[in-house]
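This report refers to the structure that appears directly beneath it.
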Amino acid sequence: MRPLYQAHQWVRALARPSLLGGAYLLALTAIASSAPIVAEGDSALGAQAHEVSDFVTKQFGGEIRSLVIAIGAAAIAVGLALGALAGLLVQARQLLARRARLAGWALAWRALVVLAVLHAWLVLDAMARTPQLYADAWYARGGWRRAVEVIATDVLGPRGALALGVVALALYLAGPPASWRAWPRRIADLARRAPAAASAILPLAILAVLLPFREARANGDAARPNVIVIAADSFRADRLTTSVAPHLSALAARGTRFDSAYVSLPRTFPSWVTILTGRYPHHHGIRTMFPRWEDRAKDFDALPERLRKAGYATAVVSDYAGDVFSRIDLGFDRTDVPTFDFNQLVRQRALERQTPLLPILQSRLGRALFPVLREMNVAADPNLLEGDAERALSDLSRGGKPFFLTVFFSTAHFPYAAPAPYYGRYTDPKYRGRFKYDKPVGLGPETPPDDADVKQVRALYDGAITSIDDAAARLLAALEDKGLAHDTIVVVTADHGETLFDHGHGQGHGDHLFGDEGTHVPLVIVDPRRPSPRRDARIVRDVDLAPTLYALTGTPAPRDRDGASLAPALEGKPTPDEHAFAETELWMGDVPALPDELRIPYPVLAQLTEVDTRHHDEIVLRKEVEDVTTVARHRMVRDARWKLLYVPTRKGVKYMLFDVLADPGEVHDVAAAHPDVVTAMRGELWPWMLEDARMVERGGYLVPREAPVTESADGTALRIEAPR
């Protein structure tokens with residue numbers, strides 16, 4: 001009989017609500033984990049999915065197994081807590097109804113039902129707040145799943161989901177309608193016991209109220225002001241408006257706003273190195289999102305490093321697009337940013353499938369347990385980042401030094417996945433297309449968007465900008481509350497803009513230079529020592545920001561900078577008229593706005609990159625493709641009226657000229673009608689291009705000195721072999 005007794009005891013133990021909860025969540029996550037991390041037909045990878053899937057399976061099988069174990073452990077922990085809560089709710093219902101406590105299977109099955117409902121509500125609530133996390137598993141599948149997510153977002157919303165949960169909880173605890181008559185008496189009994197409960201809670205409540213008012217120690221060195229750079233990925237200059245970004249617009253009205261600011265390479269990694277060094281990409285050497293170790297592992301003599309040596313405390317805080325700061329040392333004391341390597345990509349893909357756990361994981365606790373969640377572009381919540389920035393601000397201000405803080409928001413980068421209520425702020429609630437909650441961008445071709453799709457994508461983008469604007473307002477309010485605003489310079493800018501199907505130019509950034517949308521960024525400098533508001537229409541460049549901050553902080557600047565200080569403009573003094581220059585980056589996939597006749601084709605991204613197993617499994621550009629990808633880049637020069645594009649093709653170099661005043665959409669090439677302007681602008685562009693010490697002019701092309709090229713018989717074109 002003893003074995004039977006022991007078995008009975010095990011069954012009773014397993015019937016406990018907490019253990020049932022652990023088993024329930026573990027089962028759900030096991031089902032979610034059963035699909036391959038990279039599936040054939042993956043829309044994000046397109047035709048490259050098969051190659052990536054094989055590579056992941058062979059190289060990262062152990063990593064996947066470790067992550068599955070960690071996810072399972074998290075599921076059990078969350079399930080234990082939810083199961084215990086479900087058991088407490090069941091017993092609370094019994095207690096309120098003045099019935100005997102339940103035990104054994106009577107408690108177990110009731111707790112399991114409550115657990116399932118409780119978990120379903122958590123998913124529904126999270127779906128209403130961050131629908132992008134669930135769109136692939138619910139909305140994209142159509143049918144009843146789509147209906148559930150649409151109800152969560154368009155009918156309930158976050159407040160409705162919360163109200164539904166509260167009402168459901170109240171009805172459950174209230175018991176059957178027949179027992180409701182007894183509730184006035186029960187409430188009266190609770191009210192008589194309330195003073196004792198309040199006296200116990202009151203000290204904790206007072207402590208919770210007073211803790212946030214701990215004052216940070218302000219910087220008292222007015223000669224060396226603090227600096228905060230508030231930047232947003234993909235922030236277009238034309239979105240710095242009172243309708244989309246009212247708080248940042250109000251800030252701009254207090255300082256100097258440069259209306260014609262341009263970046264020189266519209267991709268995040270090279271652009272940030274340019275901003276913080278004051279040097280063009282062909283001088284600092286970071287010209288791609290996938291730089292090799294030898295290109296990153298050097299002293300960039302950047303602004304944060306020089307400020308640190310001058311006595312500043314320096315920090316950068318960011319979410320997923322800020323992983324660039326973990327891959328390069330620019331001199332920050334503190335880098336509160338995600339990391340990026342192939343291991344992280346594998347972890348991210350695995351966690352994206354865990355919709356049963358995401359309601360819990362999309363939190364500060366979840367990010368502490370699984371830091372890779374900060375790498376998820378559908379989870380870039382400006383509210384979470386602003387909280388991180390406030391903590392960094394408090395830490396920096398207590399140190400007694402002036403500080404330099406960079407806060408980089410990623411939500412405006414595609415897929416434009418802002419949380420509630422922002423994803424629905426400007427969108428049409430009747431829209432039921434593929435971009436209802438976000439706009440993913442993959443490496444494969446996609447069906448061209450229709451007018452409704454384009455309108456939806458632009459509305460999602462604007463909602464993302466507004467979410468960042470509100471978060472920035474809270475950060476600025478914290479700066480004011482800490483007594484630091486009077487001696488802190490605030491800069492607002494972006495690493496690049498974004499093309500949103502403007503004038504037939506497609507969507508994204510860095511692929512081409514048609515239109516201003518990808519290179520034209522906001523630039524605002526508010527120096528409390530120079531309170532007069534101004535707007536400056538002269539062309540300024542990304543390379544000008546570092547020299548400006550060197551001047552404003554009284555820090556010695558490197559001699560080999562390419563930019564010029566804009567500090568005189570803050571006092572209304574003239575600055576030299578400049579030309580803006582730019583180049584494209586890697587083509588990561590199909591570029592509908594850039595037909596083959598306007599580009600030198602080369603292999604797809606999976607064949608251009610490799611995993612550097614010697615340095616943290618970084619994804620880097622293969623050495624042997626550097627020449628062809630550099631030669632294939634488009635370049636531009638522009639002034640206040642004209643933009644000239646250098647477009648290399650296999651049949652020769654094409655120059656395209658646009659009159660940006662008469663044709664702001666840049667759809668009409670007027671090079672043939674203005675040969676004198678083409679000649680003059682080429683005279684500006686080529687000296688800039690030839691500043692790259694690796695490159696020379698040959699046959700009209702800009703090519704590496706040792707490039708394997710063959711000149712055509714008439715000397716008008718080059719044959720440039722791309723690797724197979």
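Residue numbering restarts at 1 for every chain of the structure tokens, chains are lettered A, B, ... in their displayed order, and ligands are numbered from 1 as they appear.
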
Contact residues around stretch 145-153 of chain A with only C-alpha atoms at 7 Å, ignoring same-chain residues under 5 positions, as a ChimeraX atom specification: /A:124,127-128,138-140

Closest of A:Arg561, A:Val653, A:Asp502, A:Val625 to A:Val667 - atom-to-atom distances counting only C-alpha atoms: A:Asp502

A:Ser18 surroundings by only C-alpha atoms, 7 Å radius, close-in-sequence under 5 positions cut, as a list in words: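 Once the adjacent positions are removed, what remains is Gly79, Leu80, Ala81, Gly83 and Ala84 of chain A.
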
A:Gly497 surroundings by only C-alpha atoms, 8 Å radius, close-in-sequence under 6 positions cut, as a list in words: Asp233, Ser234, Phe235, Arg236, Ala237, Pro266, His509, Glu517, Gly518, Thr519, His520 and Val521 of chain A

Residue with smallest distance to A:Glu390 - pool A:Asp295, A:Asp329, A:Glu480, A:Asp341, counting only C-alpha atoms: A:Glu480

From A:Arg141, A:Arg398, A:Arg474, A:Arg292, residue lying nearest A:Ile328 [only C-alpha atoms]: A:Arg292

Non-local contacts of A:Tyr422 (10 Å; only C-alpha atoms; under 2 positions in same chain excluded) as a list in words: Arg129, Thr130, Ala417, Ala418, Pro419, Ala420, Gly424, Arg425, Tyr426, Thr427, Ala459, Leu460, Tyr461, Asp462, Gly463, Ala464, Ile465, Thr466, Ser467 and Ile468 of chain A

Export of prior selection with N, CA and C atoms as a compact mmCIF listing (two decimals), in the first residue's frame:
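Saved the output as again_32.txt:
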```
# COMPACT_ATOMS: atom_id res chain seq x y z
N ARG A 129 -1.71 47.08 -25.51
CA ARG A 129 -0.65 48.06 -25.26
C ARG A 129 0.45 48.01 -26.31
N THR A 130 0.86 46.82 -26.68
CA THR A 130 1.94 46.66 -27.66
C THR A 130 1.53 45.61 -28.69
N ALA A 417 7.00 50.85 -34.46
CA ALA A 417 6.15 50.08 -33.55
C ALA A 417 6.00 50.81 -32.22
N ALA A 418 5.24 51.87 -32.19
CA ALA A 418 5.01 52.61 -30.95
C ALA A 418 3.96 51.90 -30.10
N PRO A 419 4.09 51.98 -28.77
CA PRO A 419 3.07 51.36 -27.90
C PRO A 419 1.79 52.19 -27.90
N ALA A 420 0.79 51.67 -27.20
CA ALA A 420 -0.47 52.41 -27.03
C ALA A 420 -0.21 53.66 -26.19
N GLY A 424 -2.12 54.11 -32.59
CA GLY A 424 -3.42 54.43 -33.16
C GLY A 424 -3.74 55.91 -33.19
N ARG A 425 -2.76 56.76 -32.83
CA ARG A 425 -3.04 58.20 -32.71
C ARG A 425 -3.48 58.82 -34.04
N TYR A 426 -2.83 58.44 -35.12
CA TYR A 426 -3.11 59.07 -36.42
C TYR A 426 -3.64 58.09 -37.46
N THR A 427 -3.77 56.82 -37.11
CA THR A 427 -4.17 55.82 -38.10
C THR A 427 -5.69 55.75 -38.23
N ALA A 459 1.14 57.28 -40.90
CA ALA A 459 0.47 57.52 -39.61
C ALA A 459 1.17 56.77 -38.49
N LEU A 460 1.61 55.54 -38.74
CA LEU A 460 2.37 54.79 -37.74
C LEU A 460 3.66 55.53 -37.39
N TYR A 461 4.32 56.03 -38.42
CA TYR A 461 5.57 56.78 -38.20
C TYR A 461 5.32 58.02 -37.35
N ASP A 462 4.27 58.76 -37.67
CA ASP A 462 3.97 59.96 -36.90
C ASP A 462 3.64 59.62 -35.45
N GLY A 463 2.93 58.51 -35.24
CA GLY A 463 2.66 58.09 -33.87
C GLY A 463 3.93 57.77 -33.11
N ALA A 464 4.90 57.17 -33.80
CA ALA A 464 6.18 56.87 -33.16
C ALA A 464 6.91 58.16 -32.77
N ILE A 465 6.87 59.16 -33.65
CA ILE A 465 7.50 60.45 -33.34
C ILE A 465 6.83 61.08 -32.13
N THR A 466 5.50 61.04 -32.07
CA THR A 466 4.79 61.64 -30.94
C THR A 466 5.12 60.91 -29.63
N SER A 467 5.27 59.59 -29.70
CA SER A 467 5.63 58.84 -28.48
C SER A 467 7.00 59.27 -27.97
N ILE A 468 7.93 59.51 -28.87
CA ILE A 468 9.26 59.98 -28.47
C ILE A 468 9.17 61.40 -27.93
```
